[in-house]
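Enquirer: Okay, handing you the structure first.
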Amino acid sequence: RKRNNDRPVDTSSPVIQAFQLFQDELDLKHNKHERLVKMSRDITIESKRIIFLLHRIVGAEDPASILDQALEKLKIVQQTKFHPVAMELQNEDPYQFIRAYTAGVQEYIEALSFYYYLKEKRLITLEEVQRDLFFNGPLVEQDDCKQMKSDTAEVKGDNSMSILITPVDFMLGLADLTGELMRLSINSAGAGDLDVPFSVCDFLKTIQTGFMTFGNLCKEVSKKMYTLKQSLQKVETACYTLQIRGSEVPKHMLADILSTATMS
Amino acid sequence: RKRNNDRPVDTSSPVIQAFQLFQDELDLKHNKHERLVKMSRDITIESKRIIFLLHRIVGAEDPASILDQALEKLKIVQQTKFHPVAMELQNEDPYQFIRAYTAGVQEYIEALSFYYYLKEKRLITLEEVQRDLFFNGPLVEQDDCKQMKSDTAEVKGDNSMSILITPVDFMLGLADLTGELMRLSINSAGAGDLDVPFSVCDFLKTIQTGFMTFGNLCKEVSKKMYTLKQSLQKVETACYTLQIRGSEVPKHMLADILSTATMS
Amino acid sequence: MSNTTPATDIFAAFRSHLEAEQELREEIRVVVRELEQTAREIQTELQAVHQQNGIKNISVLCEKSYSMFDVVREQLTKLSQKIPLNQYYRFHDHWRFVIQRLSFLAAFLKFLQSEQLISREDTANLLGVKVDKNDGFQLDLEDYLMGLLTLSNELARLAVNSVTAGDCFLPVKIAKFVGELDSGFRLLNLKNDSLRKRFDGLKYDLKKVEEIVYDLTIRGLKPKDGATGDIN
Amino acid sequence: MSNTTPATDIFAAFRSHLEAEQELREEIRVVVRELEQTAREIQTELQAVHQQNGIKNISVLCEKSYSMFDVVREQLTKLSQKIPLNQYYRFHDHWRFVIQRLSFLAAFLKFLQSEQLISREDTANLLGVKVDKNDGFQLDLEDYLMGLLTLSNELARLAVNSVTAGDCFLPVKIAKFVGELDSGFRLLNLKNDSLRKRFDGLKYDLKKVEEIVYDLTIRGLKPKDGATGDIN
Amino acid sequence: MSNTTPATDIFAAFRSHLEAEQELREEIRVVVRELEQTAREIQTELQAVHQQNGIKNISVLCEKSYSMFDVVREQLTKLSQKIPLNQYYRFHDHWRFVIQRLSFLAAFLKFLQSEQLISREDTANLLGVKVDKNDGFQLDLEDYLMGLLTLSNELARLAVNSVTAGDCFLPVKIAKFVGELDSGFRLLNLKNDSLRKRFDGLKYDLKKVEEIVYDLTIRGLKPKDGATGDIN
Amino acid sequence: MSNTTPATDIFAAFRSHLEAEQELREEIRVVVRELEQTAREIQTELQAVHQQNGIKNISVLCEKSYSMFDVVREQLTKLSQKIPLNQYYRFHDHWRFVIQRLSFLAAFLKFLQSEQLISREDTANLLGVKVDKNDGFQLDLEDYLMGLLTLSNELARLAVNSVTAGDCFLPVKIAKFVGELDSGFRLLNLKNDSLRKRFDGLKYDLKKVEEIVYDLTIRGLKPKDGATGDIN
Amino acid sequence: MSNTTPATDIFAAFRSHLEAEQELREEIRVVVRELEQTAREIQTELQAVHQQNGIKNISVLCEKSYSMFDVVREQLTKLSQKIPLNQYYRFHDHWRFVIQRLSFLAAFLKFLQSEQLISREDTANLLGVKVDKNDGFQLDLEDYLMGLLTLSNELARLAVNSVTAGDCFLPVKIAKFVGELDSGFRLLNLKNDSLRKRFDGLKYDLKKVEEIVYDLTIRGLKPKDGATGDIN
Amino acid sequence: MSNTTPATDIFAAFRSHLEAEQELREEIRVVVRELEQTAREIQTELQAVHQQNGIKNISVLCEKSYSMFDVVREQLTKLSQKIPLNQYYRFHDHWRFVIQRLSFLAAFLKFLQSEQLISREDTANLLGVKVDKNDGFQLDLEDYLMGLLTLSNELARLAVNSVTAGDCFLPVKIAKFVGELDSGFRLLNLKNDSLRKRFDGLKYDLKKVEEIVYDLTIRGLKPKDGATGDIN
Ligand SMILES: [Mn+2]
Ligand SMILES: [Mn+2]
């Protein structure tokens with residue numbers, strides 16, 4: 001937008017001339033920042049939706065189909081949301097803009113690692129996260145990215161791009177994962193599931209022990225330790241309740257009873 | 001208002017019976033408290049108005065008439081606002097309700113002492129404040145107090161009533177007075193007055209020294225010391241400015257010049 | 001100093017404007033306090049359902065509470081008449097809390113009568129306000145939802161007490177209802193606000209009622225079709 | 001005092017006023033600290049009721065605690081003599097907390113002895129203070145009520161521990177008692193103060209004891225009329 | 001678990017409702033950002049008045065700035081069309097700041113053109129909004145007043161610079177104007193809010209311009225009727 | 001430009017003084033960080049007790065943790081050598097936190113080994129510091145007490161997990177131990193400080209373990225004398 | 001009920017320990033309060049320098065204030081005797097504030113007497129404490145520095161008031177002195193602590209006194225060598 | 001790394017990552033502290049310009065300061081070698097502050113030498129860093145701008161002190177320069193960040209220097225072309 005014409009300022013002044021250049025540079029940066037914030041917000045919303053979807057696995061008739069749906073949505077996020085981010089960051093120091101999109105990345109890691117846990121009952125690795133975020137070539141032309149390209153630095157010939165996932169973002173995503181695992185565990189306990197709460201409990205203890213070894217090396221992670229502890233405590237209490245409830249009826253009877261109970 | 005009929009509660013229960021009595025007692029107290037808060041708010045508003053009125057003395061053609069108006073308004077506040085407060089407090093421990101009306105009392109003291117300063121150039125005493133707040137007999141029947149009487153404890157035969165002004169409220173009122181004195185001083189300086197700022201400055205210094213001797217004996221007063229110090233500093237700066245401005249022209253000329261200047 | 005400049009005239013007008021607003025806020029506060037009193041009375045009425053013999057008299061309780069909403073409608077009409085149509089949100093904070101509580105009470109009443117979820121329209125009707133912002137003083141969506149979350153908590157308690165009172169049917173119905181509420185709220189993309197925080201509580205309500213159903217199940221007390229479900 | 005009292009005199013007078021007040025407050029603080037010590041000792045005594053064999057020895061515990069109130073009465077008399085007439089509320093904050101705790105202890109004692117609600121008069125008598133403020137150093141109504149709310153919390157804990165100790169009667173009685181307290185408090189028009197906040201706590205206590213009665217009911221342990229209620 | 005209960009339907013509707021609101025806030029933010037840009041441009045334009053030769057070209061500057069308000073009106077119309085009439089105060093915080101700044105600019109422009117106080121109506125007209133809340137997207141009274149307080153500060157600075165630029169008339173006019181503003185604000189009973197805080201600043205602006213008039217007076221530079229007031 | 005005023009000379013001397021202190025603080029920070037690392041390792045080790053099979057291996061865990069205190073003693077000796085005798089409290093804040101955590105770990109270890117309360121002397125010995133301030137780098141009483149309060153919290157958690165792991169003995173022992181801690185702390189006249197606040201936490205821990213014992217009792221799982229208490 | 005578990009015995013011992021400490025703190029508080037009273041009296045005395053005729057009587061004021069430090073020395077001796085050598089920093093917070101204020105007063109006095117910077121040794125001597133930590137109750141370096149920063153603030157005020165009182169010499173001397181203080185503090189490598197924050201204040205003080213000298217200069221009032229600097 | 005990396009490996013890898021980072025940050029901190037020391041020394045040198053005779057010796061001061069930038073270049077080179085390519089912004093916060101201060105010093109030096117605005121390129125060259133981030137360790141644009149805003153503050157102070165030192169030319173030049181800076185910054189679209197906040201400060205600086213020029217003007221001291229502007 002040409003808003004600099006007809007300025008009442010003395011455009012012959014060298015000061016003003018210099019500042020006009022500064023203005024362009026700052027605007028370029030701010031606009032990129034704004035676009036990244038917007039993309040990050042979209043990624044956050046989509047990731048949250050995936051997490052909500054995954055929670056429906058509790059008591060679902062066809063859990064596998066839910067996992068399939070989630071995977072598909074994750075792929076879509078990668079291709080339609082992260083690819084544009086990667087384009088914005090091409091040839092940039094990624095740390096310059098990291099604050100703009102870190103929230104989205106963390107929420108995405110939360111969703112992806114939740115999917116992994118449900119599918120493979122294990123922790124995802126940073127490499128596995130990173131693997132999905134390599135892209136080749138520019139985006140297929142789409143309406144909403146035309147405009148963007150016009151004021152980004154022109155797309156270079158180099159076709160490969162990726163998004164840097166910092167170890168800290170990875171860990172913070174995992175820290176948030178524990179909150180979702182707690183929810184999963186409580187919901188499962190509510191649905192009378194006797195296994196999930198216990199395995200989640202073990203898993204959370206592993207994560208907590210892992211986090212404990214960092215000490216105060218990473219402040220952002222430390223800040224989440226309190227919430228993590230609370231989540232763990234909730235899961236432990238849930239397991240305790242299941243255990244103590246289970247004590248009132250012989251194990252083999254329980255299975256029968258519950259199978260009829262959850263049917264209704 | 002009878003709202004206790006048709007209660008779904010078991011009215012034969014001794015617990016419930018006891019609590020119904022408690023309810024009446026609490027409501028009586030809360031209502032008195034609410035009424036006092038409302039009266040206090042009215043006193044605050046009126047006192048603020050008197051202070052605003054008194055500030056118009058700067059540059060006024062007839063200062064005496066402004067003082068007269070203010071005095072009249074102060075009398076009205078005493079008779080129409082404080083008298084009902086005194087009636088509410090008859091036969092009560094005044095400290096029980098002091099929080100309800102302390103704000104009004106302080107603002108009133110601020111107004112009254114401001115009036116005194118302008119009229120007599122001195123600090124009012126607590127006795128002088130207290131003197132105006134003795135009342136004989138009940139209020140003359142007025143529309144807006146009929147309703148009040150109906151649910152207060154009935155007015156006793158004893159005709160004399162007063163409002164307790166605690167030394168702390170008195171001091172807090174004086175502390176706020178310093179803010180108004182600062183405004184007076186700045187406004188006067190703005191209007192080219194060469195005397196008021198200097199005499200206010202001396203007066204504020206006296207008050208500050210007085211307050212300083214209390215130390216931390218009274219927390220509420222201590223809290224206001226910072227504002228007082230700032231007010232004093234503003235007045236000192238104003239005096240400094242007047243002094244340094246005055247240096248540029250001989251004293252006798254200045255009076256002539258200013259008298260024509262303020263005329264315009 | 002001449003005191004009738006145009007400026008002074010203008011400001012005199014502003015002054016009365018500002019004072020009018022302060023007075024309006026005072027009036028709102030008075031009506032809201034009355035509303036809170038009515039809400040408290042309805043709640044006291046409905047509390048009886050937790051008592052031993054309360055569950056048996058549900059229909060009487062409900063009728064009586066229902067009729068008390070007449071007062072609510074009167075008071076809310078009185079309130080709404082004070083508020084210019086387009087200034088609802090200017091003063092929203094004054095009545096937000098009481099309207100959430102009234103929404104809860106309406107939803108509780110509806111559940112006790114029919115074991116169904118009250119719709120936003122029915123809530124608005126019972127309270128005597130509008131659903132659509134354009135029609136006047138309305139029921140804000142978030143306030144209605146907040147009322148539902150309070151309901152789930154109340155129902156978890158009711159499930160406990162109905163077992164104590166010997167009714168094994170109600171817990172099962174409550175479990176179904178709270179489960180549906182939970183599914184419903186999961187559809188919403190709640191921000192990290194007060195609604196979200198309260199929604200996290202719903203999960204525990206659900207767990208609680210599921211546990212009660214479990215307790216009944218393993219003891220063979222869960223009523224089958226047509227059973228009486230009385231354990232005393 | 002002439003009407004041209006110099007400013008310094010005014011400030012000097014205020015300072016001596018403050019110093020006198022500070023001294024009095026210091027004296028009050030000393031007595032209050034002694035009272036707190038006595039209260040703590042009574043509480044330690046009554047705590048024993050939560051222990052395995054405490055419930056069996058209730059009457060002994062109560063007798064001993066009861067006699068410890070002699071000291072309370074002495075100390076409160078000493079305190080009341082320091083307070084000028086009509087200045088109770090000037091210094092109320094100093095003893096508000098300890099008197100609430102003593103009210104609680106009196107109410108706890110009464111419940112343990114008779115499973116009844118202590119009246120305000122009886123509390124005042126046990127503490128050696130007046131009910132009516134016109135008669136002297138009194139028991140403020142809100143302080144008495146605060147004591148009752150603390151009681152509900154203690155009783156919820158006692159309900160748990162009495163089951164552990166094998167007594168299934170007490171929880172049922174406690175549930176009834178706390179339920180009545182709840183109904184009573186619902187009658188009150190509480191402002192947004194500490195009483196209100198603690199009343200929210202009572203709701204949790206009630207829920208807790210309701211759940212205990214539920215646990216007993218579903219396991220058939222809830223005593224019927226004349227049953228022993230012993231689960232061990 | 002059947003997934004088409006009535007509850008789910010209801011909640012699906014709520015979901016789109018909540019999402020629509022989030023989107024609306026986003027749109028508002030975008031328009032407000034554009035408005036801020038325009039406001040900044042007008043301000044840059046009017047700043048020139050402080051420069052040596054700016055005072056001589058006031059009429060040109062004013063004309064140009066005046067025409068820039070066309071854009072403001074367009075943008076505010078665009079904004080107002082997004083806001084349902086009765087939800088102005090729901091989103092007020094989004095545009096409160098920029099509308100205060102625009103009010104200031106309108107008032108500054110008016111003063112430069114005619115040395116008069118702009119009325120609230122004229123401000124609203126220049127901005128393309130309504131005065132009366134009932135007519136639509138309006139100019140809130142407090143926002144207008146805030147604009148006036150910003151004006152007094154700008155004028156104090158202008159008084160200084162106009163002397164430097166050799167104009168001794170303007171300071172005298174400014175002194176009169178700021179004095180009137182001060183009298184006006186004194187009529188208002190301001191609460192202890194942001195308006196009050198800014199009003200305290202006006203006192204200093206007044207003192208500053210009075211000092212300038214004093215400086216001119218004692219040096220015989222204060223223009224008498226018909227004098228040129230040029231000190232260079 | 002060196003104008004060597006007297007002021008500059010004086011300040012140059014202060015500079016080296018302040019720099020020396022900063023350096024000492026830096027060194028303290030390094031050692032404290034190492035201590036924290038060791039504490040964390042011991043804690044990680046002891047955490048295993050919460051796991052399903054941890055309770056069965058208590059003695060192995062304890063032995064290992066015990067031997068890790070060798071490192072603690074070394075590091076605390078190193079630290080104490082840096083601190084002049086009379087400046088312990090000058091730098092206390094640097095190690096206060098870690099020493100509280102180590103006290104907790106020592107107390108936890110002792111409980112796991114013998115179900116007994118560790119004394120302050122034993123804690124000091126295990127940590128390699130003095131008890132008496134006059135003997136050198138000491139274990140501050142409040143830090144030791146803080147460690148005990150942390151212990152009660154950990155034990156409440158352990159009670160939960162031991163039930164989950166099928167051990168019904170431990171919760172009963174924990175309940176007894178925490179009850180004794182509670183009685184002990186009640187004897188102390190705590191001021192309104194962090195110790196007091198944490199003591200309020202102990203009351204919750206006690207309530208929690210009492211509820212666990214209740215849960216065991218009502219299901220007939222509470223071990224009688226000589227029983228094994230295994231619920232699996 | 002005295003069940004003398006080992007725990008209770010241990011805690012009984014702690015109790016007397018904690019009570020002894022609380023008593024010591026109480027005693028410290030009493031002496032500190034007296035010290036504050038003395039400091040306040042000295043300050044009140046020195047405040048007179050700000051008054052119209054205060055500057056003319058500096059030497060009398062100083063003499064009187066100087067003699068009041070006798071009381072300070074007595075009180076600080078009394079205080080120091082209560083504190084075990086190695087626990088100075090344990091209780092430092094109790095007297096830190098008053099000792100900073102006394103340092104300030106000593107420095108103010110020195111400036112008024114001789115327009116020179118007081119050394120840390122002289123301050124310690126005037127207060128009757130040691131400089132070296134190893135010699136006993138000392139003047140902490142940071143407290144001394146804090147006193148100097150308070151001084152710069154007081155001097156900025158004095159510069160204003162001395163001009164008002166017609167003295168144009170003092171501001172120039174103050175400007176020089178504060179400038180030197182500023183250079184001195186710039187040599188120190190202050191951390192982000194309270195000292196650093198107050199040092200930022202010194203920069204403002206310096207700016208302020210520079211502006212006063214500017215005001216004098218532009219009006220031709222700045223005294224040349226040998227001038228009297230009287231503007232009245 | 002196999003796709004079933006155990007969790008412990010993942011955490012161990014993260015921990016070593018954090019430790020490596022911590023070490024690097026520690027190294028950076030050391031170099032930055034040295035840089036700060038150098039910056040402080042240059043600033044102390046340039047501070048002399050505010051003194052009475054400082055303005056007369058500007059060229060000497062400038063030369064000396066200029067040569068001190070050799071050290072800056074060395075230290076920044078040392079720093080830049082520690083930072084991996086494309087990780088400048090990872091550690092930016094460490095040196096952001098010192099580089100802003102150095103930018104300011106460079107700009108101050110340039111102004112004193114030539115009364116001109118230093119360009120970003122010249123600043124980078126003087127500091128020994130790059131302008132374009134693709135060329136290596138660079139001068140961030142915002143840091144350079146922050147330096148300019150600090151400059152405006154320093155110049156406002158210098159305007160005051162130069163009048164005191166008898167120079168009436170410099171304030172006029174400073175007013176022009178700061179006015180241009182103000183116009184320049186107004187072109188920028190600043191977000192609500194620290195730059196924006198400091199820009200608000202520039203407005204005060206501008207007002208200050210405008211007032212100084214006003215003071216000179218009204219007293220006829222403002223130099224006309226070719227005047228000497230000496231007021232002593
Ligand atoms: Mn999450
Ligand atoms: Mn006031």
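Naming works like this for the structure tokens: A, B, ... for the chains as they're shown, residue 1 at the start of each chain, ligands 1 onward in shown order.
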Taking only C-alpha atoms into account, produce a table as JSON lines in which each residue of chain D with an atom at most 8 Å from an atom of chain C appears once, together with its shortest atom pair and the distance in Å to one decimal, ordered by chain and rising number.
Expert:
{"residue": "D:Ser183", "atom": "CA", "partner": "C:Thr44", "partner_atom": "CA", "distance": 7.9}
{"residue": "D:Arg186", "atom": "CA", "partner": "C:Thr44", "partner_atom": "CA", "distance": 6.9}
{"residue": "D:Lys207", "atom": "CA", "partner": "C:Arg157", "partner_atom": "CA", "distance": 6.9}
{"residue": "D:Glu210", "atom": "CA", "partner": "C:Asn161", "partner_atom": "CA", "distance": 6.7}
{"residue": "D:Glu211", "atom": "CA", "partner": "C:Val160", "partner_atom": "CA", "distance": 6.4}
{"residue": "D:Val213", "atom": "CA", "partner": "C:Thr164", "partner_atom": "CA", "distance": 6.9}
{"residue": "D:Tyr214", "atom": "CA", "partner": "C:Thr164", "partner_atom": "CA", "distance": 5.2}
{"residue": "D:Thr217", "atom": "CA", "partner": "C:Thr164", "partner_atom": "CA", "distance": 6.0}
{"residue": "D:Ile218", "atom": "CA", "partner": "C:Val163", "partner_atom": "CA", "distance": 7.5}
Enquirer: So that I can check the surroundings of Lys82 of chain C, please list as a ChimeraX atom specification every protein, DNA and RNA residue that reaches within 10 Å of it, counting only C-alpha atoms and ignoring chain neighbours fewer than 6 positions away.
Expert: /C:24-25,27-28,31,76
Enquirer: Please give me, as a PDB file with N, CA, C and O atoms, in the first residue's frame, the residues lying within 8 Å of ligand 2 when counting only C-alpha atoms and all ligand atoms.
Expert:
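Below you can see out30.pdb, which holds the result:
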ATOM      1  N   LYS B  48     -16.884  16.780  47.899  1.00  0.00           N
ATOM      2  CA  LYS B  48     -16.079  17.007  46.699  1.00  0.00           C
ATOM      3  C   LYS B  48     -16.564  18.264  45.986  1.00  0.00           C
ATOM      4  O   LYS B  48     -15.764  19.057  45.483  1.00  0.00           O
ATOM      5  N   ILE B  51     -15.302  21.262  47.673  1.00  0.00           N
ATOM      6  CA  ILE B  51     -13.888  21.487  47.367  1.00  0.00           C
ATOM      7  C   ILE B  51     -13.735  22.130  45.992  1.00  0.00           C
ATOM      8  O   ILE B  51     -12.982  23.098  45.817  1.00  0.00           O
ATOM      9  N   GLU B 107     -13.597  12.773  53.616  1.00  0.00           N
ATOM     10  CA  GLU B 107     -13.757  13.754  52.549  1.00  0.00           C
ATOM     11  C   GLU B 107     -14.346  15.052  53.114  1.00  0.00           C
ATOM     12  O   GLU B 107     -13.983  16.150  52.694  1.00  0.00           O
ATOM     13  N   GLU B 110     -11.714  16.940  54.780  1.00  0.00           N
ATOM     14  CA  GLU B 110     -10.893  17.565  53.747  1.00  0.00           C
ATOM     15  C   GLU B 110     -11.533  18.893  53.319  1.00  0.00           C
ATOM     16  O   GLU B 110     -10.861  19.932  53.250  1.00  0.00           O
ATOM     17  N   ASP B 176      -5.301  14.330  52.961  1.00  0.00           N
ATOM     18  CA  ASP B 176      -5.884  14.595  51.645  1.00  0.00           C
ATOM     19  C   ASP B 176      -5.967  16.089  51.371  1.00  0.00           C
ATOM     20  O   ASP B 176      -5.858  16.526  50.224  1.00  0.00           O
ATOM     21  N   LEU B 177      -6.138  16.866  52.439  1.00  0.00           N
ATOM     22  CA  LEU B 177      -6.145  18.320  52.279  1.00  0.00           C
ATOM     23  C   LEU B 177      -4.891  18.803  51.558  1.00  0.00           C
ATOM     24  O   LEU B 177      -4.946  19.700  50.718  1.00  0.00           O
ATOM     25  N   GLY B 179      -3.276  17.533  49.218  1.00  0.00           N
ATOM     26  CA  GLY B 179      -3.430  17.436  47.765  1.00  0.00           C
ATOM     27  C   GLY B 179      -4.178  18.637  47.213  1.00  0.00           C
ATOM     28  O   GLY B 179      -3.807  19.208  46.181  1.00  0.00           O
ATOM     29  N   GLU B 180      -5.235  19.030  47.922  1.00  0.00           N
ATOM     30  CA  GLU B 180      -6.014  20.180  47.456  1.00  0.00           C
ATOM     31  C   GLU B 180      -5.198  21.454  47.567  1.00  0.00           C
ATOM     32  O   GLU B 180      -5.279  22.340  46.710  1.00  0.00           O
TER      33      GLU B 180
END
Enquirer: Within 12 Å of ligand 1 (counting only C-alpha atoms and all ligand atoms), which residues show up? I'd like them as JSON, numbers by chain.
Expert: {"A": [44, 45, 47, 48, 49, 50, 51, 52, 54, 55, 103, 104, 106, 107, 108, 109, 110, 111, 112, 113, 114, 172, 173, 174, 175, 176, 177, 178, 179, 180, 181, 182, 183, 184, 227, 228, 231], "C": [189, 190, 191, 192, 196, 200]}
Enquirer: Please identify every residue of chain A that has at least one atom no more than 9 Å from any atom of chain H, counting only C-alpha atoms, and report them as a PyMOL selection string.
Expert: chain A and resi 4+9+13-20+22-27+30+91-98+122-128+167-168+171+206-207+209-211+213-214+217-218
Enquirer: Go ahead and dump the residues you just picked, C-alpha atoms, as an mmCIF file, in the first residue's frame.
Expert:
data_model
loop_
_atom_site.group_PDB
_atom_site.id
_atom_site.type_symbol
_atom_site.label_atom_id
_atom_site.label_comp_id
_atom_site.auth_asym_id
_atom_site.auth_seq_id
_atom_site.Cartn_x
_atom_site.Cartn_y
_atom_site.Cartn_z
ATOM 1 C CA ASN A 4 4.090 7.480 1.750
ATOM 2 C CA VAL A 9 7.809 15.772 5.685
ATOM 3 C CA SER A 13 16.385 15.507 4.379
ATOM 4 C CA PRO A 14 18.884 12.655 4.612
ATOM 5 C CA VAL A 15 17.383 11.704 7.965
ATOM 6 C CA ILE A 16 13.989 11.277 6.401
ATOM 7 C CA GLN A 17 15.429 9.373 3.479
ATOM 8 C CA ALA A 18 17.145 6.947 5.840
ATOM 9 C CA PHE A 19 14.020 6.466 7.876
ATOM 10 C CA GLN A 20 11.975 5.739 4.803
ATOM 11 C CA PHE A 22 13.985 1.724 7.808
ATOM 12 C CA GLN A 23 10.255 1.902 7.492
ATOM 13 C CA ASP A 24 10.256 -0.526 4.587
ATOM 14 C CA GLU A 25 12.514 -2.949 6.402
ATOM 15 C CA LEU A 26 10.507 -2.844 9.605
ATOM 16 C CA ASP A 27 7.223 -3.250 7.750
ATOM 17 C CA HIS A 30 6.410 -6.987 10.945
ATOM 18 C CA ASN A 91 16.715 -18.032 4.081
ATOM 19 C CA GLU A 92 15.871 -16.557 7.458
ATOM 20 C CA ASP A 93 17.403 -17.063 10.850
ATOM 21 C CA PRO A 94 14.524 -19.141 12.201
ATOM 22 C CA TYR A 95 15.173 -17.882 15.716
ATOM 23 C CA GLN A 96 14.270 -14.371 14.629
ATOM 24 C CA PHE A 97 10.638 -15.335 14.172
ATOM 25 C CA ILE A 98 10.377 -18.247 16.522
ATOM 26 C CA ARG A 122 5.328 -44.854 23.203
ATOM 27 C CA LEU A 123 6.955 -41.468 23.103
ATOM 28 C CA ILE A 124 7.596 -39.919 19.728
ATOM 29 C CA THR A 125 11.161 -38.785 19.015
ATOM 30 C CA LEU A 126 12.262 -35.366 17.862
ATOM 31 C CA GLU A 127 13.552 -36.942 14.664
ATOM 32 C CA GLU A 128 10.127 -38.326 13.919
ATOM 33 C CA PRO A 167 14.381 -29.347 21.415
ATOM 34 C CA VAL A 168 12.760 -26.911 23.820
ATOM 35 C CA MET A 171 9.797 -30.800 25.278
ATOM 36 C CA THR A 206 8.526 -41.968 33.174
ATOM 37 C CA ILE A 207 8.021 -38.521 31.728
ATOM 38 C CA THR A 209 11.324 -38.651 36.036
ATOM 39 C CA GLY A 210 12.765 -37.531 32.706
ATOM 40 C CA PHE A 211 11.779 -33.934 33.297
ATOM 41 C CA THR A 213 16.624 -34.673 35.570
ATOM 42 C CA PHE A 214 16.662 -31.285 33.823
ATOM 43 C CA LEU A 217 18.290 -26.049 33.092
ATOM 44 C CA CYS A 218 15.239 -24.922 31.169
#
Enquirer: Can you pull out every residue from segment 54-161 of chain A that DSSP, working from the backbone, puts in strand (DSSP E), and format the result as a list in words?
Expert: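 After running DSSP on the backbone, segment 54-161 of chain A has strand (DSSP E) at Phe134, Phe135, Asn136, Ser160 and Met161 of chain A.
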Enquirer: Which value, in Å to one decimal, gives the distance between atom CA of Leu61 of chain D and atom CA of Leu155 of chain D?
Expert: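 Value for the atom CA of Leu61 of chain D-atom CA of Leu155 of chain D distance: 16.1 Å.
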Enquirer: May I ask for the distance between atom CA of Pro223 of chain C and atom CA of Cys168 of chain C, given in Å to one decimal place?
Expert: 6.7 Å
Enquirer: Do you have the atom CA of Asp205 of chain F-atom CA of Lys222 of chain D distance handy?
Expert: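 Those two atoms sit 27.6 Å apart.
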Enquirer: I want to know what sits within 12 Å of Ala106 of chain E, based on only C-alpha atoms, with residues of the same chain fewer than 5 positions away left out; could you give that as a PyMOL selection string?
Expert: chain E and resi 39+42-43+46+62+65-69+72+99-101+111-113+116-128+144+147-148+150-151
Enquirer: DSSP on the backbone, then: every residue of segment 36-248 of chain B marked alpha helix (DSSP H), written as number ranges by chain.
Expert: B: 36-55, 63-76, 83-89, 98-120, 126-131, 143-150, 167-190, 196-212, 219-246
